[in-house]
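Chemist: Below is one structure. I have some questions about it.
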Amino acid sequence: MKFDHPATDGPADRQNVLGKPHKRIEGPLKVTGRAPYAYERHDVAPNQLVGYPLGAGIAKGRIVAMDLEAAKAAPGVVDILSTLDMETLPVAATNVAPLFGGDEVRHYHQAIALVIAETFEQARAAAQMIRVEYAETVGRFDMATADTEDADIPNIGDFDTAFAEAEVTSDHTYTTPAQSHAMMEPHASIAQWQGEKLVVWTSNQMINWAKKALVTTLSLDPENVRVDSPYIGGGFGSKLFLRSDAVMAALAAKKVGQAVKVSLPRPFIFNNTTHRSATVQRIRIGMAKDGRIKAISHENLSGTLPGGAGEDATNQTRYFYAGDHRKFLNRIATMDLPESNAMRAPGEASGLMALEIAMDEAAEAAGIDPVRFRIINDTQVDPENPERRFSQRHFIECLERGAAEFGWAPTAPAMRREGRWLVGQGVAGGYRGSPVMPSGARVRLQPDGRLIVETDMTDIGTGSYTVLGQTAAEMLGLSLDKIEVLLGDSAFPVSAGSGGQWGATSSTGGVYAACMALREQISKQIGADADTVDFRDGLVTAGNRTMTLSEIAAGKEIIAEDKMEFGEFRKEAYEVATFASHFVEVAVDAYTGEVRLRRMLAVCDAGRILNPITARSQVIGAMTMGVGAALMEHMELDATRGFFANHDLAGYEVPVHADIPDQEVIFLDTADAASSPLKAKGVGELGLCGVAAAIANAVYNATGVRVRDYPVTLDKVIDRLPMPDAG
Amino acid sequence: MTDTTRSRSSVTMTVNGTEQQLDIDNRVTLLDALREHLKLTGTKKGCDHGQCGACTVMVNGRRVNSCLSLAVMHQGDEVTTVEGLGSPEDLHPMQAAFIEHDGYQCGYCTPGQICSAKSVLEEIRAGIPSHVTRDLANVVMNDDELRERMSGNICRCGAYANILAAMKQVAEETA
Ligand code: FES
Ligand code: FES
């Protein structure tokens, strides 16, 4: 089915099940520990051996020799997989760093061996007995001095002249540090071969990418590969791509002729897998006296291994605010650090960390309230191509509604004191595109009237099980408890997968398409015209005939499959995006500089909300991640040795319960017919976009100290804090 | 302890009400004894180093990070895991409250959060003070106390606000 014009009203608009606050259908399994995650699948293959990885102890160079003797002789060891056993494995289109093989070391903790043993304890002990001799070479670990490549971004008008002539200007440089996804479930896989056939039970957001990457990496026939990932303990981008756990498990299982399971140890994850690149961003804003932006420029520098894309922090600035003269530069430094790649809201998360402080500074320079400043610089058209409109854009409403609900009333900087606390408010805008991907599904109407949905879509905590179930229920006129949703198996139709906040929009489109096909088939079976048949309350009504779905499927199950493909009109005619405003109040300890959040509010313009419970959870979760980005998350680079030193959950701090205050989320619930058949848009990444800047702005408002280098830790404010009141 | 190398031991503990005798490698953590030997995979491994709380279980009624203790240290102990609290058909009130308030997303930290949440309410009622307790003689149930005591359980999905709501509901229901 093709989505080639804006949606008209149809069965999905009834909103009997969709749009309703249904609790997660897989909830009972999760809260009782019965949902099976990758490493826990004792039942899928007999006699599973355990693999424990060894990572390179240098960042760049070559392995000269590896002494495996002691490790091989250690108790319980069955075999050892060594990177020297093979040439560097081919790199799949979705990977940057090779995942295994060869003597060349391209980054610290690159996987170089896997000890395969009867037990975890034996494998772990033996892995420490491997002696590696390296020939180390000099790596490029400093972004400021590394060679860069410039990505091509169109410039509009004449920025330099317009900025030079602007009545008010703001010109500052901001930095964001490298960040880690730090999802709670480590990367893990169990692999088993049956002849040429490989099955990998794993934890992966994008089943089809994982499958394709396995095919490329291990030179397999796609027919012979199955990937299964029904439960994923968080991803945030870290599990978008095939990783070393799956590759090593597959190679090891082949080598020993037995199933092998591998979980990446937590301290290995930070340097072995991917991270979000650090950035350096210069933002210049030139305005008229009334605060209208005339010229805007965003320059970005980020790092990557050869062949990667880095972190393009400029993207949102191209679309977010008005201004006739626009200049962008995205520089990508080639470095020898672990692979930088997508993390939740890649580009925008970092870009808005900088842009939304810059907007605060520009507003101040122009002497205008920052909410008002954003409102007067709103644009309803693509600033690069005014012919193209935003399909919908309710950013002003986000700001106005947010200001009213929050009680937006900031004082002048450092003017509000409550005893030892300096109190401030901050605001930021959020912007994130709402892309889509083709997505397929199969639906199977059972003789007992239940419906089974099958798609390789994943649920990484996003609520896919529930919203796909709601979609099918709505389309067939069933209640949600009649729907069984099966996900994450490459044997099912290929879906959009979970990434780039395209998951729910696209995959509900796929289930919609499959359900339309099923409705068609059912209509044909009862000899009626699909357009005139009504599906409601488990009943099918055609003219004056009414049957139950179970009567219709009584003989045998009815199966339909289809895929939703999104037409070009969506991109050509419109910019489809999501918007938010974030408001926060902080209190900063006047003696220690400690920042405590008091309350947070997000107002989101993200299309029609499919399920207000799961959508809200996505947003509060993203706001929480934004707190981490603002106040604590920072991968500490050892620039001499070329690795991230704080590579575990004690050293890499993420927000905990005590860091998170009351959080409120308001959805404008703006059905967007140009976006998808369900008029929905993404929301999972929007919630992160802008949060950190709102906090940094609130810290400025509280203290008068402007921090432009994230995270906003107390050492960056303490020497400039105003004296606290005696009381 | 018949193994001459003394690298293995025999240990008997009660897990979710059932007595279990294990003959295991001394290096096996309580967490892996549960997950790998008893196939009770409800208890999660997030870090294996006491940094995340995903492995929280109750030992003799108190919560512990099961990755930080060895199975052989638990001779005679009573261990309760998330599986022992309730089943999908017969949920513990805290499990039901997590569903009600969407106190999770991916679900991976959830068993640990639930074990901690249940224990936290008991700890407060038992008058055990925390870092944020103002009056040591009078430990009260409030948001600060709940947040502080739950801070050893990381939820990267960021469900904290909903977990708090779930705990408050259970605290009220059982007040
Ligand atoms: S697994 Fe025990 S604290 Fe993380
Ligand atoms: S629910 Fe995913 S980490 Fe808590």
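By convention in this document, the chains of the structure tokens carry letters A, B, ... by their order, each chain's residues are numbered from 1, and ligands are numbered from 1 in the order they are shown.
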If the limit is 6 Å from any atom of ligand 1, counting only C-alpha atoms and all ligand atoms, which residues qualify? Return them as a list in words.
Modeler: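 Based on only C-alpha atoms and all ligand atoms, ligand 1 is surrounded within 6 Å by Lys45, Gly46, Cys47, Asp48, His49, Gly50, Gln51, Cys52, Gly53, Ala54, Cys55, Asn65, Ser66 and Cys67 of chain B.
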Chemist: As a ChimeraX atom specification, please: every protein or nucleic acid residue near ligand 2 (cut-off 7 Å, counting only C-alpha atoms and all ligand atoms).
Modeler: /A:183-184,233-234,461 /B:104-110,154-159
Chemist: Would you kindly return, as an NGL selection string, each protein, DNA or RNA residue with an atom no farther than 9 Å from any atom of segment 143-147 of chain B, considering only C-alpha atoms and excluding same-chain residues fewer than 4 positions away?
Modeler: (:A and (656-660)) or (:B and (117 or 120-121 or 124 or 129-133 or 139 or 151 or 160 or 164 or 167-168))
Chemist: Write the residues of the selection above to a file with C-alpha atoms, as a compact mmCIF listing (two decimals), in the first residue's frame.
Modeler:
# COMPACT_ATOMS: atom_id res chain seq x y z
CA VAL A 656 18.99 8.48 39.11
CA HIS A 657 15.71 8.82 40.99
CA ALA A 658 17.01 11.58 43.26
CA ASP A 659 17.92 13.75 40.27
CA ILE A 660 14.47 13.81 38.73
CA ALA B 117 10.46 -0.43 45.73
CA VAL B 120 11.99 0.72 50.45
CA LEU B 121 8.46 0.92 51.79
CA ILE B 124 10.78 3.37 55.88
CA PRO B 129 16.88 6.32 58.19
CA SER B 130 18.41 7.45 54.89
CA HIS B 131 20.68 10.23 53.74
CA VAL B 132 17.72 12.62 53.47
CA THR B 133 16.03 11.75 56.75
CA VAL B 139 11.33 8.41 59.51
CA SER B 151 18.69 5.94 43.66
CA TYR B 160 11.48 7.51 37.57
CA LEU B 164 7.49 7.14 42.19
CA MET B 167 5.31 3.40 44.95
CA LYS B 168 3.12 6.13 46.38
Chemist: Please determine the contact residues of chain A with respect to chain B at a cut-off of 8 Å, counting only C-alpha atoms, and supply them as number ranges by chain.
Modeler: A: 23-24, 27-36, 40, 42, 121, 182-186, 231-234, 265-267, 459-463, 613-614, 617-618, 620-625, 648-650, 654-658, 660-663
Chemist: Deliver the residues from the most recent selection as a file, using N, CA and C atoms, as a compact mmCIF listing (two decimals), in the first residue's frame.
Modeler:
# COMPACT_ATOMS: atom_id res chain seq x y z
N LYS A 23 -2.80 0.36 28.89
CA LYS A 23 -1.56 -0.05 29.55
C LYS A 23 -0.82 -1.01 28.63
N ARG A 24 0.49 -1.10 28.82
CA ARG A 24 1.30 -1.98 27.96
C ARG A 24 0.79 -3.42 28.00
N GLY A 27 3.07 -5.78 29.68
CA GLY A 27 3.41 -5.36 31.04
C GLY A 27 3.51 -6.49 32.06
N PRO A 28 2.51 -7.36 32.13
CA PRO A 28 2.57 -8.44 33.13
C PRO A 28 3.83 -9.31 32.99
N LEU A 29 4.30 -9.50 31.77
CA LEU A 29 5.53 -10.28 31.59
C LEU A 29 6.74 -9.53 32.12
N LYS A 30 6.76 -8.22 31.88
CA LYS A 30 7.92 -7.44 32.30
C LYS A 30 8.00 -7.30 33.82
N VAL A 31 6.87 -7.07 34.46
CA VAL A 31 6.94 -6.81 35.91
C VAL A 31 7.12 -8.09 36.72
N THR A 32 6.96 -9.22 36.09
CA THR A 32 7.15 -10.48 36.83
C THR A 32 8.42 -11.20 36.41
N GLY A 33 9.20 -10.55 35.55
CA GLY A 33 10.47 -11.17 35.14
C GLY A 33 10.30 -12.28 34.12
N ARG A 34 9.14 -12.33 33.48
CA ARG A 34 8.90 -13.43 32.52
C ARG A 34 9.22 -13.06 31.07
N ALA A 35 9.44 -11.79 30.79
CA ALA A 35 9.77 -11.39 29.40
C ALA A 35 11.21 -11.82 29.11
N PRO A 36 11.43 -12.60 28.06
CA PRO A 36 12.77 -13.14 27.83
C PRO A 36 13.66 -12.18 27.02
N GLU A 40 18.96 -14.58 28.06
CA GLU A 40 18.23 -15.41 29.03
C GLU A 40 17.52 -16.59 28.40
N HIS A 42 17.52 -19.68 27.70
CA HIS A 42 18.04 -21.02 27.94
C HIS A 42 17.31 -22.07 27.11
N GLU A 121 32.27 -18.05 34.46
CA GLU A 121 33.42 -17.81 35.35
C GLU A 121 34.70 -18.33 34.72
N ALA A 182 24.34 3.92 27.29
CA ALA A 182 24.19 3.33 28.62
C ALA A 182 22.82 2.70 28.87
N MET A 183 22.30 2.04 27.85
CA MET A 183 21.05 1.28 28.07
C MET A 183 21.31 0.20 29.10
N MET A 184 20.24 -0.21 29.79
CA MET A 184 20.47 -1.10 30.94
C MET A 184 20.81 -2.53 30.55
N GLU A 185 20.31 -2.99 29.44
CA GLU A 185 20.66 -4.36 29.04
C GLU A 185 21.90 -4.32 28.17
N PRO A 186 22.97 -4.99 28.59
CA PRO A 186 24.16 -5.03 27.74
C PRO A 186 23.84 -5.73 26.40
N TYR A 231 12.44 -8.94 22.98
CA TYR A 231 12.54 -7.96 24.08
C TYR A 231 13.92 -7.34 24.07
N ILE A 232 13.95 -6.05 24.21
CA ILE A 232 15.21 -5.31 24.12
C ILE A 232 15.29 -4.38 25.32
N GLY A 233 16.33 -4.59 26.11
CA GLY A 233 16.45 -3.82 27.35
C GLY A 233 17.04 -2.44 27.13
N GLY A 234 16.41 -1.70 26.25
CA GLY A 234 16.86 -0.34 25.94
C GLY A 234 17.85 -0.35 24.79
N PRO A 265 30.55 -7.43 28.52
CA PRO A 265 30.68 -6.94 29.89
C PRO A 265 30.51 -5.42 29.91
N ARG A 266 29.88 -4.91 30.95
CA ARG A 266 29.59 -3.47 31.00
C ARG A 266 30.84 -2.60 30.76
N PRO A 267 31.98 -2.91 31.38
CA PRO A 267 33.13 -2.02 31.18
C PRO A 267 33.71 -2.08 29.76
N ASP A 459 10.23 -3.58 19.99
CA ASP A 459 9.77 -2.72 21.09
C ASP A 459 10.94 -2.56 22.04
N ILE A 460 11.54 -1.39 22.02
CA ILE A 460 12.72 -1.16 22.86
C ILE A 460 12.32 -0.38 24.12
N GLY A 461 11.03 -0.49 24.43
CA GLY A 461 10.51 0.25 25.57
C GLY A 461 9.58 1.35 25.10
N THR A 462 9.49 1.43 23.77
CA THR A 462 8.76 2.49 23.12
C THR A 462 7.25 2.29 23.15
N GLY A 463 6.83 1.04 23.38
CA GLY A 463 5.39 0.77 23.39
C GLY A 463 4.87 0.15 22.11
N ILE A 613 -0.32 7.07 27.30
CA ILE A 613 0.52 6.55 28.38
C ILE A 613 1.94 6.30 27.87
N THR A 614 2.04 5.53 26.79
CA THR A 614 3.38 5.18 26.32
C THR A 614 4.08 6.40 25.71
N SER A 617 5.47 8.38 28.55
CA SER A 617 6.66 7.74 29.10
C SER A 617 7.88 7.99 28.22
N GLN A 618 7.67 7.96 26.91
CA GLN A 618 8.78 8.28 26.01
C GLN A 618 9.32 9.68 26.31
N ILE A 620 8.91 11.63 29.15
CA ILE A 620 9.57 11.84 30.46
C ILE A 620 10.91 11.12 30.48
N GLY A 621 10.99 9.99 29.78
CA GLY A 621 12.27 9.29 29.72
C GLY A 621 13.32 10.10 28.98
N ALA A 622 12.88 10.75 27.92
CA ALA A 622 13.80 11.59 27.15
C ALA A 622 14.18 12.82 27.95
N MET A 623 13.23 13.39 28.67
CA MET A 623 13.54 14.55 29.52
C MET A 623 14.60 14.14 30.55
N THR A 624 14.47 12.94 31.06
CA THR A 624 15.43 12.44 32.05
C THR A 624 16.82 12.31 31.41
N MET A 625 16.85 11.81 30.20
CA MET A 625 18.13 11.72 29.49
C MET A 625 18.70 13.12 29.25
N ASP A 648 32.29 2.64 32.72
CA ASP A 648 31.29 1.79 33.38
C ASP A 648 30.22 2.69 33.99
N LEU A 649 29.25 2.09 34.66
CA LEU A 649 28.11 2.89 35.14
C LEU A 649 28.42 3.60 36.45
N ALA A 650 29.59 3.35 37.03
CA ALA A 650 30.00 4.13 38.19
C ALA A 650 30.68 5.40 37.72
N VAL A 654 24.66 8.67 34.97
CA VAL A 654 23.37 9.00 34.34
C VAL A 654 22.40 9.37 35.47
N PRO A 655 21.31 10.03 35.13
CA PRO A 655 20.38 10.46 36.20
C PRO A 655 19.83 9.27 36.97
N VAL A 656 19.67 9.47 38.27
CA VAL A 656 18.99 8.48 39.11
C VAL A 656 17.74 9.13 39.69
N HIS A 657 16.98 8.33 40.43
CA HIS A 657 15.71 8.82 40.99
C HIS A 657 15.85 10.20 41.65
N ALA A 658 16.89 10.36 42.46
CA ALA A 658 17.01 11.58 43.26
C ALA A 658 17.27 12.81 42.40
N ILE A 660 15.62 13.49 39.59
CA ILE A 660 14.47 13.81 38.73
C ILE A 660 13.30 14.36 39.54
N PRO A 661 12.87 15.56 39.20
CA PRO A 661 11.78 16.21 39.92
C PRO A 661 10.44 15.86 39.29
N ASP A 662 9.43 16.59 39.67
CA ASP A 662 8.13 16.42 39.02
C ASP A 662 8.25 16.76 37.54
N GLN A 663 7.70 15.91 36.74
CA GLN A 663 7.76 16.13 35.29
C GLN A 663 6.33 16.16 34.75
Chemist: Determine which residues of segment 127-293 of chain A DSSP labels as strand (DSSP E) from the backbone of this structure, then write them out as an MDAnalysis selection string.
Modeler: chainID A and resid 131:136 148:151 168:176 188:194 197:202 225:228 260:263 279:287 293
Chemist: Output N, CA and C atoms for every residue in that selection, as a tab-separated table (two decimals), in the first residue's frame.
Modeler:
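Listing of again_6.tsv after writing:
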chain	number	residue	atom	x	y	z
A	131	ARG	N	47.88	-13.35	26.43
A	131	ARG	CA	48.92	-12.31	26.36
A	131	ARG	C	48.98	-11.79	24.93
A	132	VAL	N	48.90	-10.48	24.80
A	132	VAL	CA	48.90	-9.88	23.46
A	132	VAL	C	50.10	-8.97	23.31
A	133	GLU	N	50.76	-9.11	22.19
A	133	GLU	CA	51.88	-8.20	21.89
A	133	GLU	C	51.43	-7.27	20.77
A	134	TYR	N	51.53	-5.98	21.03
A	134	TYR	CA	51.07	-4.99	20.06
A	134	TYR	C	52.24	-4.21	19.46
A	135	ALA	N	52.05	-3.74	18.25
A	135	ALA	CA	52.91	-2.69	17.70
A	135	ALA	C	52.04	-1.46	17.60
A	136	GLU	N	52.22	-0.53	18.53
A	136	GLU	CA	51.32	0.61	18.64
A	136	GLU	C	51.76	1.72	17.69
A	148	THR	N	39.96	17.37	8.83
A	148	THR	CA	38.50	17.38	8.72
A	148	THR	C	38.06	17.39	7.28
A	149	GLU	N	36.83	16.94	7.13
A	149	GLU	CA	36.19	17.01	5.84
A	149	GLU	C	34.94	17.86	6.04
A	150	ASP	N	34.57	18.66	5.07
A	150	ASP	CA	33.37	19.49	5.20
A	150	ASP	C	32.21	18.84	4.47
A	151	ALA	N	31.11	18.69	5.16
A	151	ALA	CA	29.92	18.17	4.49
A	151	ALA	C	29.24	19.33	3.78
A	168	VAL	N	21.91	43.91	16.26
A	168	VAL	CA	22.22	43.17	17.49
A	168	VAL	C	22.82	41.83	17.07
A	169	THR	N	23.86	41.41	17.75
A	169	THR	CA	24.45	40.12	17.38
A	169	THR	C	24.79	39.29	18.61
A	170	SER	N	24.93	38.02	18.35
A	170	SER	CA	25.36	37.08	19.38
A	170	SER	C	26.26	36.08	18.67
A	171	ASP	N	27.40	35.80	19.25
A	171	ASP	CA	28.39	34.94	18.59
A	171	ASP	C	29.15	34.18	19.67
A	172	HIS	N	28.82	32.91	19.82
A	172	HIS	CA	29.45	32.12	20.88
A	172	HIS	C	29.74	30.70	20.40
A	173	THR	N	30.66	30.09	21.11
A	173	THR	CA	31.02	28.71	20.80
A	173	THR	C	30.65	27.82	21.99
A	174	TYR	N	30.09	26.69	21.67
A	174	TYR	CA	29.57	25.75	22.68
A	174	TYR	C	30.21	24.39	22.45
A	175	THR	N	30.36	23.64	23.52
A	175	THR	CA	30.85	22.27	23.34
A	175	THR	C	29.93	21.28	24.03
A	176	THR	N	29.78	20.13	23.39
A	176	THR	CA	29.07	19.02	24.01
A	176	THR	C	30.05	17.85	24.07
A	188	ALA	N	23.85	-8.45	23.86
A	188	ALA	CA	23.99	-9.88	24.12
A	188	ALA	C	23.40	-10.69	22.97
A	189	SER	N	23.99	-11.83	22.72
A	189	SER	CA	23.50	-12.71	21.66
A	189	SER	C	23.76	-14.17	22.00
A	190	ILE	N	22.84	-15.01	21.55
A	190	ILE	CA	23.07	-16.46	21.54
A	190	ILE	C	23.03	-16.87	20.07
A	191	ALA	N	24.02	-17.64	19.64
A	191	ALA	CA	24.04	-18.07	18.23
A	191	ALA	C	24.08	-19.59	18.16
A	192	GLN	N	23.37	-20.08	17.17
A	192	GLN	CA	23.38	-21.52	16.93
A	192	GLN	C	23.32	-21.79	15.43
A	193	TRP	N	24.09	-22.76	14.99
A	193	TRP	CA	24.08	-23.16	13.58
A	193	TRP	C	23.41	-24.52	13.46
A	194	GLN	N	22.63	-24.66	12.38
A	194	GLN	CA	22.16	-25.98	11.98
A	194	GLN	C	22.57	-26.10	10.54
A	197	LYS	N	22.57	-23.01	8.33
A	197	LYS	CA	21.59	-22.05	8.87
A	197	LYS	C	22.02	-21.52	10.22
A	198	LEU	N	21.95	-20.20	10.32
A	198	LEU	CA	22.36	-19.53	11.55
A	198	LEU	C	21.15	-18.85	12.19
A	199	VAL	N	20.98	-19.08	13.48
A	199	VAL	CA	19.97	-18.31	14.22
A	199	VAL	C	20.69	-17.51	15.30
A	200	VAL	N	20.36	-16.25	15.39
A	200	VAL	CA	20.93	-15.39	16.43
A	200	VAL	C	19.78	-14.79	17.25
A	201	TRP	N	19.76	-15.15	18.52
A	201	TRP	CA	18.82	-14.52	19.45
A	201	TRP	C	19.58	-13.37	20.07
A	202	THR	N	19.10	-12.18	19.87
A	202	THR	CA	19.92	-11.04	20.21
A	202	THR	C	19.08	-9.89	20.74
A	225	VAL	N	19.76	-17.01	7.37
A	225	VAL	CA	19.97	-16.24	8.61
A	225	VAL	C	18.63	-15.88	9.25
A	226	ARG	N	18.53	-16.17	10.52
A	226	ARG	CA	17.36	-15.71	11.27
A	226	ARG	C	17.83	-14.93	12.50
A	227	VAL	N	17.20	-13.79	12.72
A	227	VAL	CA	17.51	-12.95	13.88
A	227	VAL	C	16.23	-12.81	14.69
A	228	ASP	N	16.35	-12.96	15.99
A	228	ASP	CA	15.15	-12.88	16.83
A	228	ASP	C	15.43	-12.02	18.05
A	260	VAL	N	26.55	-20.83	21.34
A	260	VAL	CA	27.41	-20.01	22.20
A	260	VAL	C	26.66	-18.71	22.51
A	261	LYS	N	26.75	-18.28	23.77
A	261	LYS	CA	26.14	-16.99	24.12
A	261	LYS	C	27.21	-16.02	24.61
A	262	VAL	N	27.01	-14.77	24.23
A	262	VAL	CA	27.98	-13.73	24.55
A	262	VAL	C	27.23	-12.50	25.03
A	263	SER	N	27.62	-11.99	26.18
A	263	SER	CA	27.10	-10.70	26.63
A	263	SER	C	28.31	-9.79	26.78
A	279	THR	N	31.05	17.44	20.29
A	279	THR	CA	30.95	18.47	19.25
A	279	THR	C	31.51	19.79	19.76
A	280	VAL	N	31.95	20.60	18.79
A	280	VAL	CA	32.27	22.01	19.05
A	280	VAL	C	31.39	22.80	18.09
A	281	GLN	N	30.60	23.72	18.60
A	281	GLN	CA	29.64	24.42	17.75
A	281	GLN	C	29.74	25.93	17.94
A	282	ARG	N	29.88	26.61	16.82
A	282	ARG	CA	29.84	28.08	16.87
A	282	ARG	C	28.53	28.53	16.25
A	283	ILE	N	27.82	29.36	17.00
A	283	ILE	CA	26.53	29.85	16.49
A	283	ILE	C	26.54	31.37	16.51
A	284	ARG	N	26.22	31.91	15.36
A	284	ARG	CA	26.12	33.37	15.25
A	284	ARG	C	24.70	33.74	14.85
A	285	ILE	N	24.15	34.71	15.55
A	285	ILE	CA	22.80	35.18	15.24
A	285	ILE	C	22.85	36.69	15.12
A	286	GLY	N	22.41	37.20	13.97
A	286	GLY	CA	22.33	38.64	13.75
A	286	GLY	C	20.87	39.05	13.68
A	287	MET	N	20.53	40.12	14.43
A	287	MET	CA	19.12	40.50	14.52
A	287	MET	C	18.92	41.98	14.23
A	293	ILE	N	15.38	37.77	13.58
A	293	ILE	CA	16.65	37.22	13.10
A	293	ILE	C	16.80	37.52	11.61
Chemist: Using the chain letters and numbers from this document, which residues of segment 184-344 of chain A does DSSP assign to alpha helix (DSSP H), as a ChimeraX atom specification?
Modeler: /A:207-217,244-256,266-272,315-319
Chemist: Quick one: residues within 6 Å of Leu89 of chain A, only C-alpha atoms, excluding same-chain residues fewer than 6 positions away - as a VMD selection string?
Modeler: chain A and resid 100 to 101 217
Chemist: Find the residues around Ile452 of chain A up to 10 Å (only C-alpha atoms counted), leave out those fewer than 4 positions away in its own chain, and share them as number ranges by chain.
Modeler: A: 442-446, 469, 472, 482-486, 559
Chemist: Could you give me, as a PDB file with N, CA and C atoms, in the first residue's frame, the residues within 7 Å of segment 160-163 of chain A, counting only C-alpha atoms and dropping anything in the same chain fewer than 4 positions from it?
Modeler:
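File produced: selection.pdb:
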ATOM      1  N   GLY A 286      22.411  37.196  13.969  1.00  0.00           N
ATOM      2  CA  GLY A 286      22.330  38.639  13.753  1.00  0.00           C
ATOM      3  C   GLY A 286      20.870  39.050  13.677  1.00  0.00           C
ATOM      4  N   LYS A 294      17.935  38.130  11.285  1.00  0.00           N
ATOM      5  CA  LYS A 294      18.244  38.408   9.884  1.00  0.00           C
ATOM      6  C   LYS A 294      19.229  37.379   9.354  1.00  0.00           C
ATOM      7  N   ALA A 295      20.146  36.995  10.201  1.00  0.00           N
ATOM      8  CA  ALA A 295      21.230  36.109   9.757  1.00  0.00           C
ATOM      9  C   ALA A 295      21.513  35.081  10.836  1.00  0.00           C
ATOM     10  N   HIS A 325      19.248  35.108   5.821  1.00  0.00           N
ATOM     11  CA  HIS A 325      20.636  34.809   5.457  1.00  0.00           C
ATOM     12  C   HIS A 325      21.160  33.694   6.356  1.00  0.00           C
TER      13      HIS A 325
END
Chemist: Which distance in Å separates atom CA of Leu478 of chain A and atom CA of Asp537 of chain A, to one decimal?
Modeler: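 Result for atom CA of Leu478 of chain A versus atom CA of Asp537 of chain A: 5.5 Å, one decimal.
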Chemist: What's the 7 Å shell around segment 43-60 of chain A, counting only C-alpha atoms, without same-chain residues fewer than 4 positions away, as a PyMOL selection string?
Modeler: chain A and resi 105-120+123-124+127+136-139+258-262+336+641-643
Chemist: Keeping only C-alpha atoms, write those residues as a CSV table (one decimal), in the first residue's frame.
Modeler:
chain,number,residue,atom,x,y,z
A,105,VAL,CA,43.6,-2.4,15.8
A,106,ARG,CA,41.4,0.6,14.9
A,107,HIS,CA,40.1,1.6,18.3
A,108,TYR,CA,40.5,0.8,21.9
A,109,HIS,CA,38.6,-2.3,23.1
A,110,GLN,CA,38.1,-3.5,19.6
A,111,ALA,CA,37.2,-7.2,20.1
A,112,ILE,CA,40.2,-9.3,19.5
A,113,ALA,CA,39.4,-12.7,21.1
A,114,LEU,CA,36.6,-14.6,22.6
A,115,VAL,CA,37.2,-17.4,25.1
A,116,ILE,CA,34.6,-20.1,24.8
A,117,ALA,CA,34.1,-22.2,28.0
A,118,GLU,CA,31.6,-24.3,29.8
A,119,THR,CA,30.8,-21.5,32.2
A,120,PHE,CA,30.9,-17.7,32.5
A,123,ALA,CA,35.6,-18.0,30.3
A,124,ARG,CA,36.2,-14.7,32.2
A,127,ALA,CA,40.3,-14.3,29.0
A,136,GLU,CA,51.3,0.6,18.6
A,137,THR,CA,51.1,3.5,16.2
A,138,VAL,CA,50.2,7.1,16.8
A,139,GLY,CA,46.5,7.8,16.8
A,258,GLN,CA,27.6,-25.8,19.6
A,259,ALA,CA,25.4,-22.9,20.7
A,260,VAL,CA,27.4,-20.0,22.2
A,261,LYS,CA,26.1,-17.0,24.1
A,262,VAL,CA,28.0,-13.7,24.6
A,336,ASP,CA,40.9,6.9,15.9
A,641,ARG,CA,45.9,6.6,25.0
A,642,GLY,CA,42.8,7.2,22.9
A,643,PHE,CA,40.0,5.7,25.0
Chemist: Just give me the gap between atom CA of Thr592 of chain A and atom CA of Ala365 of chain A in Å, one decimal is fine.
Modeler: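 Computed distance, atom CA of Thr592 of chain A to atom CA of Ala365 of chain A, equals 28.9 Å.
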Chemist: Out of A:Met600, A:Leu631, A:Met335, A:Ile80, which residue has the shortest atom-to-atom distance to Glu653 of chain A when counting only C-alpha atoms?
Modeler: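 Ranked by minimum distance to Glu653 of chain A, first place goes to A:Leu631.
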